[in-house]
$ cat model.tsv   # TSV, C-alpha atoms and all ligand atoms
chain	number	residue	atom	x	y	z
G	25	MET	CA	-56.14	143.76	211.00
G	26	LYS	CA	-52.91	145.13	209.52
G	27	LEU	CA	-49.84	145.04	211.75
G	28	VAL	CA	-47.69	148.17	211.84
G	29	ASN	CA	-44.11	147.57	210.78
G	30	PRO	CA	-42.00	149.17	213.56
G	31	LEU	CA	-39.21	149.91	211.10
G	32	THR	CA	-41.50	152.12	209.03
G	33	ALA	CA	-41.22	154.89	211.60
G	34	ILE	CA	-37.43	154.85	211.27
G	35	PHE	CA	-37.02	154.46	207.53
G	36	HIS	CA	-40.12	156.37	206.43
G	37	PRO	CA	-40.57	159.07	209.06
G	38	PRO	CA	-43.59	161.35	208.79
G	39	PRO	CA	-42.75	164.33	206.59
G	40	THR	CA	-41.26	167.33	208.38
G	41	PRO	CA	-41.81	170.77	206.91
G	42	GLY	CA	-38.67	172.11	205.27
G	43	VAL	CA	-37.01	173.34	202.12
G	44	LEU	CA	-34.60	171.40	199.93
G	45	ALA	CA	-32.25	173.26	197.66
G	46	VAL	CA	-29.63	171.95	195.24
G	47	PHE	CA	-26.61	174.06	194.32
G	48	GLY	CA	-24.22	173.50	191.48
G	49	HIS	CA	-21.48	175.78	192.77
G	50	LEU	CA	-19.64	176.14	196.05
G	51	ASP	CA	-20.03	179.95	196.19
G	52	ALA	CA	-23.80	179.73	195.84
G	53	THR	CA	-23.95	177.10	198.60
G	54	VAL	CA	-21.85	179.18	200.99
G	55	ASP	CA	-23.84	182.27	200.16
G	56	ALA	CA	-27.16	180.50	200.82
G	57	ILE	CA	-25.90	179.16	204.15
G	58	GLY	CA	-24.78	182.66	205.17
G	59	ARG	CA	-28.16	184.21	204.33
G	60	LEU	CA	-30.13	181.46	206.08
G	61	ARG	CA	-28.00	181.92	209.22
G	62	ALA	CA	-28.43	185.70	209.03
G	63	ALA	CA	-32.19	185.11	208.87
G	64	GLY	CA	-31.97	183.17	212.14
G	65	HIS	CA	-32.16	179.59	210.90
G	66	THR	CA	-30.10	177.06	212.80
G	67	ASP	CA	-31.44	173.62	211.90
G	68	PHE	CA	-30.09	172.75	208.50
G	69	THR	CA	-28.02	170.02	206.96
G	70	VAL	CA	-25.64	170.30	204.03
G	71	TYR	CA	-24.70	167.32	201.91
G	72	SER	CA	-21.65	167.63	199.73
G	73	PRO	CA	-19.91	165.03	197.55
G	74	ILE	CA	-16.55	166.21	198.83
G	75	PRO	CA	-15.64	167.83	202.13
G	76	ARG	CA	-15.05	171.58	201.75
G	77	HIS	CA	-13.65	173.83	204.45
G	78	GLU	CA	-15.67	176.75	203.06
G	79	ILE	CA	-18.90	174.91	203.88
G	80	GLU	CA	-17.62	174.01	207.33
G	81	ASP	CA	-16.62	177.64	208.01
G	82	ALA	CA	-19.99	178.92	206.76
G	83	LEU	CA	-21.90	176.47	208.96
G	84	ASP	CA	-19.64	177.34	211.90
G	85	GLN	CA	-20.87	174.38	213.90
G	86	PRO	CA	-19.38	173.68	217.32
G	87	VAL	CA	-16.52	171.18	217.44
G	88	SER	CA	-17.84	167.76	218.35
G	89	PRO	CA	-16.75	166.53	221.78
G	90	VAL	CA	-16.59	162.97	220.46
G	91	ARG	CA	-12.89	163.23	219.68
G	92	MET	CA	-12.17	164.30	223.26
G	93	PHE	CA	-14.10	161.32	224.58
G	94	THR	CA	-12.21	158.99	222.30
G	95	LEU	CA	-8.86	160.47	223.37
G	96	VAL	CA	-9.57	160.27	227.08
G	97	GLY	CA	-11.02	156.78	226.73
G	98	GLY	CA	-8.02	155.64	224.72
G	99	ILE	CA	-5.48	157.01	227.18
G	100	ALA	CA	-7.39	155.52	230.10
G	101	GLY	CA	-7.55	152.16	228.30
G	102	CYS	CA	-3.82	152.20	227.61
G	103	ALA	CA	-3.03	153.08	231.23
G	104	ILE	CA	-5.36	150.40	232.56
G	105	GLY	CA	-3.83	147.85	230.18
G	106	ALA	CA	-0.34	148.70	231.42
G	107	TRP	CA	-1.42	148.61	235.04
G	108	LEU	CA	-3.30	145.32	234.67
G	109	THR	CA	-0.36	143.46	233.15
G	110	LEU	CA	2.37	144.99	235.32
G	111	TYR	CA	0.37	144.59	238.50
G	112	MET	CA	-0.33	140.93	237.81
G	113	SER	CA	3.33	140.25	236.95
G	114	TYR	CA	4.65	141.80	240.13
G	115	ASP	CA	1.87	140.30	242.22
G	116	TRP	CA	3.07	136.77	241.44
G	117	PRO	CA	6.53	137.10	239.95
G	118	ILE	CA	7.77	134.22	237.83
G	119	VAL	CA	10.92	134.62	235.78
G	120	LEU	CA	10.35	133.26	232.27
G	121	GLY	CA	13.15	132.86	229.79
G	122	GLY	CA	15.37	135.17	231.84
G	123	LYS	CA	13.14	138.15	231.03
G	124	PRO	CA	12.54	140.86	233.65
G	125	ILE	CA	9.35	140.46	235.68
G	126	GLY	CA	7.73	143.54	234.17
G	127	SER	CA	8.69	143.00	230.54
G	128	ILE	CA	6.89	145.68	228.51
G	129	PRO	CA	7.07	144.35	224.91
G	130	PRO	CA	4.53	141.53	225.31
G	131	TYR	CA	2.23	143.85	227.27
G	132	VAL	CA	2.10	146.33	224.41
G	133	VAL	CA	-0.46	144.07	222.74
G	134	ILE	CA	-2.78	144.23	225.74
G	135	MET	CA	-2.24	147.97	226.18
G	136	PHE	CA	-3.05	148.46	222.51
G	137	GLU	CA	-6.21	146.36	222.69
G	138	MET	CA	-7.39	148.16	225.82
G	139	THR	CA	-6.76	151.51	224.12
G	140	ILE	CA	-8.99	150.46	221.21
G	141	LEU	CA	-11.67	148.99	223.49
G	142	PHE	CA	-11.91	151.95	225.86
G	143	GLY	CA	-11.60	154.45	223.00
G	144	ALA	CA	-14.46	152.80	221.10
G	145	LEU	CA	-16.68	152.39	224.17
G	146	SER	CA	-16.26	156.01	225.22
G	147	THR	CA	-16.97	157.15	221.65
G	148	ILE	CA	-20.28	155.28	221.73
G	149	LEU	CA	-21.01	156.65	225.19
G	150	CYS	CA	-20.43	160.16	223.94
G	151	ALA	CA	-22.59	159.64	220.85
G	152	VAL	CA	-25.41	158.41	223.06
G	153	ARG	CA	-25.28	161.11	225.71
G	154	ARG	CA	-23.86	164.20	224.16
G	155	SER	CA	-24.03	167.20	226.47
G	156	GLY	CA	-21.48	169.45	228.13
G	157	ALA	CA	-22.14	168.12	231.61
G	158	ALA	CA	-21.87	164.52	230.48
G	159	VAL	CA	-18.54	165.30	228.83
G	160	ALA	CA	-17.14	166.85	231.99
G	161	VAL	CA	-18.40	164.04	234.20
G	162	PHE	CA	-17.06	161.37	231.88
G	163	ALA	CA	-13.67	163.00	231.52
G	164	ALA	CA	-13.36	163.32	235.29
G	165	LEU	CA	-14.36	159.67	235.73
G	166	ALA	CA	-11.91	158.43	233.15
G	167	ALA	CA	-9.07	160.45	234.67
G	168	LEU	CA	-9.98	159.14	238.10
G	169	ALA	CA	-10.08	155.55	236.90
G	170	ALA	CA	-6.69	155.92	235.23
G	171	LEU	CA	-5.20	157.56	238.31
G	172	ALA	CA	-6.64	155.00	240.68
G	173	GLY	CA	-5.51	152.20	238.42
G	174	LEU	CA	-1.97	153.52	238.28
G	175	ALA	CA	-1.70	154.30	241.97
G	176	CYS	CA	-3.29	151.42	243.81
G	177	ASN	CA	-3.07	147.72	244.15
G	178	PRO	CA	-6.64	146.38	244.31
G	179	ASP	CA	-5.50	143.35	246.22
G	180	ASP	CA	-4.36	145.55	249.10
G	181	VAL	CA	-7.67	147.41	249.06
G	182	VAL	CA	-9.73	144.22	248.93
G	183	HIS	CA	-7.61	142.72	251.68
G	184	GLN	CA	-8.66	145.51	254.05
G	185	ILE	CA	-12.07	143.82	254.22
G	186	GLY	CA	-11.79	140.56	256.14
G	187	TRP	CA	-14.19	138.68	253.89
G	188	PHE	CA	-11.90	138.79	250.91
G	189	SER	CA	-8.68	137.48	252.44
G	190	THR	CA	-6.79	135.48	249.84
G	191	MET	CA	-4.43	132.53	250.08
G	192	ARG	CA	-1.63	134.85	249.11
G	193	HIS	CA	-1.85	136.52	252.49
G	194	GLN	CA	-1.09	133.44	254.53
G	195	ARG	CA	2.18	133.02	256.43
G	196	SER	CA	4.34	131.35	253.81
G	197	ILE	CA	7.51	131.89	251.85
G	198	LYS	CA	6.67	134.01	248.83
G	199	PRO	CA	8.25	133.27	245.45
G	200	TYR	CA	11.87	134.48	245.44
G	201	ALA	CA	11.66	135.39	249.11
G	202	HIS	CA	14.47	134.33	251.42
G	203	PRO	CA	13.35	131.63	253.83
G	204	ILE	CA	13.34	132.48	257.50
G	205	PRO	CA	16.89	132.24	258.90
G	206	PRO	CA	17.47	129.37	261.33
G	207	VAL	CA	17.33	130.01	265.05
G	208	PRO	CA	20.78	131.12	266.34
G	209	GLY	CA	22.83	128.12	267.47
G	210	THR	CA	21.09	125.68	265.11
G	211	VAL	CA	23.47	122.93	263.94
G	212	PRO	CA	22.84	121.38	260.51
G	213	VAL	CA	22.51	117.56	260.40
G	214	THR	CA	25.67	117.48	258.27
G	215	GLY	CA	27.63	119.00	261.16
G	216	ALA	CA	28.51	122.59	261.84
G	217	GLU	CA	31.09	124.50	259.85
G	218	PRO	CA	34.14	125.16	262.08
G	219	ILE	CA	34.59	128.85	262.75
G	220	MET	CA	37.69	129.99	260.92
G	221	SER	CA	40.24	132.08	262.76
G	222	LEU	CA	44.02	132.53	262.62
G	223	GLN	CA	44.36	130.74	265.97
G	224	THR	CA	42.28	127.62	265.20
G	225	ALA	CA	43.12	127.13	261.52
G	226	ASP	CA	46.45	125.41	262.14
G	227	ARG	CA	44.78	122.78	264.30
G	228	LEU	CA	42.60	121.46	261.41
G	229	VAL	CA	43.72	118.03	260.21
G	230	ASN	CA	43.68	117.17	256.50
G	231	PRO	CA	41.51	114.02	256.17
G	232	ARG	CA	42.33	113.52	252.47
G	233	THR	CA	45.44	111.59	251.49
G	234	ARG	CA	47.30	113.00	248.52
G	235	THR	CA	46.18	110.37	246.07
G	236	SER	CA	46.16	111.16	242.37
G	237	GLU	CA	42.35	111.13	242.54
G	238	SER	CA	42.36	113.84	245.20
G	239	ILE	CA	44.96	115.91	243.35
G	240	ASN	CA	43.08	115.63	240.04
G	241	ARG	CA	39.90	116.79	241.73
G	242	GLY	CA	41.82	119.61	243.41
G	243	ARG	CA	43.28	120.62	240.05
G	244	PHE	CA	39.79	120.81	238.54
G	245	VAL	CA	38.54	122.99	241.40
G	246	TYR	CA	41.70	125.14	241.28
G	247	GLU	CA	41.28	125.75	237.57
G	248	THR	CA	37.63	126.59	238.11
G	249	TYR	CA	38.02	129.10	240.94
G	250	CYS	CA	41.62	130.01	241.70
G	251	LEU	CA	43.51	130.10	238.42
G	252	VAL	CA	42.02	133.47	237.38
G	253	CYS	CA	43.93	135.15	240.22
G	254	HIS	CA	46.71	132.86	241.31
G	255	GLY	CA	47.74	131.70	237.83
G	256	PRO	CA	48.22	128.22	236.36
G	257	ALA	CA	51.35	127.52	238.44
G	258	GLY	CA	50.22	129.41	241.55
G	259	GLN	CA	52.67	132.27	241.02
G	260	GLY	CA	50.01	134.94	241.67
G	261	ASP	CA	49.94	135.94	238.01
G	262	GLY	CA	46.46	134.82	236.87
G	263	PRO	CA	44.79	136.74	234.03
G	264	ILE	CA	42.75	139.04	236.33
G	265	SER	CA	45.56	139.73	238.83
G	266	SER	CA	47.33	143.07	238.77
G	267	ALA	CA	50.57	141.17	238.00
G	268	ALA	CA	49.07	140.29	234.60
G	269	GLY	CA	47.50	143.74	234.13
G	270	GLY	CA	44.13	142.81	235.67
G	271	PRO	CA	42.13	144.62	238.35
G	272	PHE	CA	42.87	142.39	241.37
G	273	ILE	CA	45.67	143.80	243.48
G	274	GLY	CA	47.72	142.03	246.13
G	275	VAL	CA	47.31	138.47	244.79
G	276	ARG	CA	50.00	136.42	246.49
G	277	SER	CA	52.09	133.58	245.19
G	278	LEU	CA	51.04	130.20	246.56
G	279	VAL	CA	54.38	128.56	245.83
G	280	ASN	CA	56.99	130.58	247.74
G	281	ASP	CA	58.68	129.18	250.82
G	282	THR	CA	56.60	131.18	253.30
G	283	ILE	CA	53.32	129.69	252.20
G	284	ALA	CA	54.93	126.27	251.63
G	285	ARG	CA	55.74	126.22	255.36
G	286	ARG	CA	52.11	126.96	256.29
G	287	THR	CA	49.96	124.11	257.58
G	288	ASP	CA	47.22	122.47	255.50
G	289	GLY	CA	44.71	123.93	257.93
G	290	TYR	CA	45.93	127.44	257.17
G	291	ILE	CA	45.39	127.02	253.41
G	292	TYR	CA	42.04	125.36	254.10
G	293	ALA	CA	40.97	128.34	256.21
G	294	VAL	CA	42.05	130.80	253.50
G	295	ILE	CA	39.85	128.93	250.99
G	296	VAL	CA	36.86	128.92	253.34
G	297	SER	CA	37.25	132.51	254.45
G	298	GLY	CA	40.06	134.57	252.96
G	299	GLN	CA	38.45	137.52	254.69
G	300	VAL	CA	39.50	136.51	258.21
G	301	MET	CA	42.85	135.01	257.23
G	302	GLY	CA	44.69	137.59	255.15
G	303	ARG	CA	44.34	141.29	254.62
G	304	GLY	CA	40.77	140.79	253.38
G	305	LEU	CA	41.73	141.02	249.73
G	306	MET	CA	40.75	137.51	248.70
G	307	PRO	CA	37.02	136.77	248.18
G	308	ILE	CA	35.32	134.08	250.29
G	309	TYR	CA	35.23	130.65	248.61
G	310	GLY	CA	33.65	128.65	251.44
G	311	ASP	CA	30.23	129.01	249.82
G	312	LYS	CA	31.46	127.75	246.44
G	313	VAL	CA	34.01	125.07	247.26
G	314	ARG	CA	32.45	122.54	249.62
G	315	GLY	CA	33.07	119.25	251.36
G	316	THR	CA	36.19	117.27	250.49
G	317	ASP	CA	36.82	119.56	247.49
G	318	ARG	CA	38.44	122.00	249.91
G	319	TRP	CA	41.02	119.49	251.10
G	320	ASP	CA	41.58	118.26	247.53
G	321	LEU	CA	42.32	121.86	246.67
G	322	VAL	CA	44.81	122.08	249.54
G	323	ASN	CA	46.47	118.92	248.21
G	324	TYR	CA	46.70	120.43	244.75
G	325	VAL	CA	48.24	123.64	246.12
G	326	ARG	CA	50.83	121.42	247.82
G	327	THR	CA	51.52	119.76	244.45
G	328	LEU	CA	52.02	123.20	242.84
G	329	GLN	CA	54.44	124.08	245.63
G	330	ALA	CA	56.38	120.86	245.10
G	331	GLU	CA	56.55	121.49	241.36
G	332	ALA	CA	57.77	125.06	241.93
G	333	LYS	CA	60.40	123.84	244.40
G	334	ALA	CA	61.63	121.23	241.90
G	335	ALA	CA	61.77	123.89	239.18
G	336	ARG	CA	63.78	126.23	241.46
G	337	ALA	CA	66.16	123.43	242.35
G	338	GLY	CA	66.48	122.57	238.66
G	339	GLY	CA	67.20	126.21	237.81
G	340	ARG	CA	69.99	126.36	240.41
G	341	ARG	CA	71.70	123.31	239.07
T	401	LIG	C1	39.85	137.31	243.04
T	401	LIG	C2	41.22	136.87	243.08
T	401	LIG	C3	41.51	135.61	243.87
T	401	LIG	C4	41.00	134.36	243.68
T	401	LIG	C5	39.97	133.91	242.65
T	401	LIG	C6	41.63	133.52	244.66
T	401	LIG	N1	42.48	134.22	245.40
T	401	LIG	FE1	43.70	133.50	246.83
T	401	LIG	N2	44.37	135.34	247.22
T	401	LIG	C7	43.98	136.49	246.57
T	401	LIG	C8	44.56	137.64	247.21
T	401	LIG	C9	44.32	139.09	246.79
T	401	LIG	C10	45.30	137.14	248.27
T	401	LIG	C11	46.05	137.92	249.33
T	401	LIG	C12	45.07	137.97	250.49
T	401	LIG	C13	45.30	139.08	251.44
T	401	LIG	O1	46.40	139.57	251.50
T	401	LIG	O2	44.31	139.42	252.09
T	401	LIG	C14	45.17	135.71	248.26
T	401	LIG	C15	45.79	134.85	249.16
T	401	LIG	C16	45.71	133.49	249.12
T	401	LIG	C17	46.40	132.59	250.01
T	401	LIG	C18	47.30	132.99	251.16
T	401	LIG	C19	48.69	133.28	250.64
T	401	LIG	C20	49.63	133.69	251.78
T	401	LIG	O3	50.77	134.01	251.44
T	401	LIG	O4	49.17	133.72	252.93
T	401	LIG	C21	46.06	131.34	249.65
T	401	LIG	C22	46.53	130.04	250.30
T	401	LIG	C23	45.14	131.43	248.54
T	401	LIG	N3	44.96	132.77	248.24
T	401	LIG	C24	44.55	130.37	247.91
T	401	LIG	C25	43.54	130.48	246.98
T	401	LIG	C26	42.78	129.38	246.48
T	401	LIG	C27	43.01	127.93	246.87
T	401	LIG	C28	41.88	129.88	245.62
T	401	LIG	C29	40.79	129.13	244.86
T	401	LIG	C30	39.67	128.75	245.67
T	401	LIG	C31	42.07	131.32	245.57
T	401	LIG	N4	43.07	131.64	246.41
T	401	LIG	C32	41.35	132.15	244.78
T	401	LIG	C33	43.15	136.57	245.46
T	401	LIG	C34	42.44	135.52	244.97
$ encode --input "model.tsv" --output "structure tokens"
Amino acid sequence: MKLVNPLTAIFHPPPTPGVLAVFGHLDATVDAIGRLRAAGHTDFTVYSPIPRHEIEDALDQPVSPVRMFTLVGGIAGCAIGAWLTLYMSYDWPIVLGGKPIGSIPPYVVIMFEMTILFGALSTILCAVRRSGAAVAVFAALAALAALAGLACNPDDVVHQIGWFSTMRHQRSIKPYAHPIPPVPGTVPVTGAEPIMSLQTADRLVNPRTRTSESINRGRFVYETYCLVCHGPAGQGDGPISSAAGGPFIGVRSLVNDTIARRTDGYIYAVIVSGQVMGRGLMPIYGDKVRGTDRWDLVNYVRTLQAEAKAARAGGRR
């Protein structure tokens, strides 16, 4: 028995009745197409070694919807690629290399690949099922998918159904979230920060003796935080003060007699919270200068005052 080769049917189809004609000139070809169409023929194929618009016009075949499928598929793919990457980044934000959470440049690759993938898939889909209704249905579907992708967060949708609850939805501190504030009245194990006010400040006692170690530390802290406004000698002429042409107005001298007569506690309180002590012009430094550094700073301000006093006395002589 002889087996039938299944490929024979494809490569050697049974003969179909028809006419084959070969033309040497473009005009003759166009003319023949025109007459055949006038005679009511619709099913014919023209082969040409080079594409000619005249032949296309004569055939007057409908524009293929494939390009539309490819376009819609491509746009949908690009949108889904963008949504996929951005959604995942914002869903679990991790700052890498100081880049913003939704950093577009690296996602362009994925958007590009998705454009190609969806464009190609929809082209094949169109080639397989080519009809007006299919085109409309597919276009509507693609638009819907793109819209839904852009508008919604699937995790929220999935979470609506109890079965799919994820670990992310437990009660926990999310990345970059602020932890829950302590219960009012909670005292830290390191001891509570005294509340600064004009009335209580003077009662604070300086626990740091004015050793050279303390003053050197205070100098370091002063040069880190205070010099920009109060100046190297505490005259209120630091580079960003209005006295030196900078934007900060109202910076006071730390070395005049008025402030030299102030208690250590007063200066300490200004460092911790300039907002409650003066006219509210000095920023708060209590969150930056901590522990004994504050008193070392007070000691250094005292040193600046002593130096200024000596300089004034020297000038008078
Ligand atoms: C951004 C500029 C700026 C910086 C930085 C700054 N200060 Fe001041 N400081 C001011 C201004 C402005 C005032 C006047 C406050 C007011 O009138 O409200 C002031 C006032 C003071 C006073 C009170 C002077 C008085 O006559 O009562 C002291 C003491 C003082 N600063 C110390 C410091 C110390 C110590 C630092 C470093 C931790 C510092 N300041 C950093 C701007 C600054």
$ residues_near_ligand --input "model.tsv" --ligand "ligand LIG 401 (chain T)" --cutoff "9 Å" --atoms "all atoms listed in the file" --output "PyMOL selection string"
chain G and resi 245-254+258+260+262+264-265+271-280+282-284+286+290-296+298-310+312-313+318+321-322+324-325
$ residues_around --input "model.tsv" --residues "G:Gly105" --least-positions-apart "3" --cutoff "10 Å" --atoms "all atoms listed in the file" --output "list in words"
Ile99, Ala100, Gly101, Cys102, Leu108, Thr109, Leu110, Tyr111, Tyr131, Val132, Val133, Ile134, Met135, Phe136, Glu137, Met138, Thr139, Ala170 and Gly173 of chain G
$ atom_distance --input "model.tsv" --atom1 "atom CA of G:Ser113" --atom2 "atom CA of G:Pro129"
13.3 Å
$ closest_residue --input "model.tsv" --among "G:Gly242, G:Asn323, G:Trp116, G:Ala163" --to "G:Lys198" --atoms "all atoms listed in the file"
G:Trp116
$ closest_residue --input "model.tsv" --among "G:Gly289, G:Val90, G:Thr53, G:Trp319" --to "G:Ser221" --atoms "only C-alpha atoms"
G:Gly289
$ atom_distance --input "model.tsv" --atom1 "atom CA of G:Thr327" --atom2 "atom CA of G:Ile239"
7.7 Å
$ closest_residue --input "model.tsv" --among "G:Glu217, G:Asp320, G:Asp115, G:Glu78" --to "G:Thr233" --atoms "only C-alpha atoms"
G:Asp320
$ residues_around --input "model.tsv" --residues "G:Leu44" --least-positions-apart "2" --cutoff "10 Å" --atoms "all atoms listed in the file" --output "ChimeraX atom specification"
/G:42,46,68-70
$ atom_distance --input "model.tsv" --atom1 "atom CA of G:Ala257" --atom2 "atom CA of G:Arg314"
22.5 Å
$ axis_aligned_box --input "model.tsv" --around "stretch 104-122 of chain G" --padding-each-side "8 Å" --output "JSON"
{"center_x": 5.0, "center_y": 141.6, "center_z": 236.0, "size_x": 36.7, "size_y": 33.5, "size_z": 28.4}
$ closest_residue --input "model.tsv" --among "G:Pro130, G:Thr224, G:Val96, G:Leu145" --to "G:Leu168" --atoms "all atoms listed in the file"
G:Val96
$ closest_residue --input "model.tsv" --among "G:Gly121, G:Pro73, G:Pro256, G:Pro86" --to "G:Glu331" --atoms "only C-alpha atoms"
G:Pro256
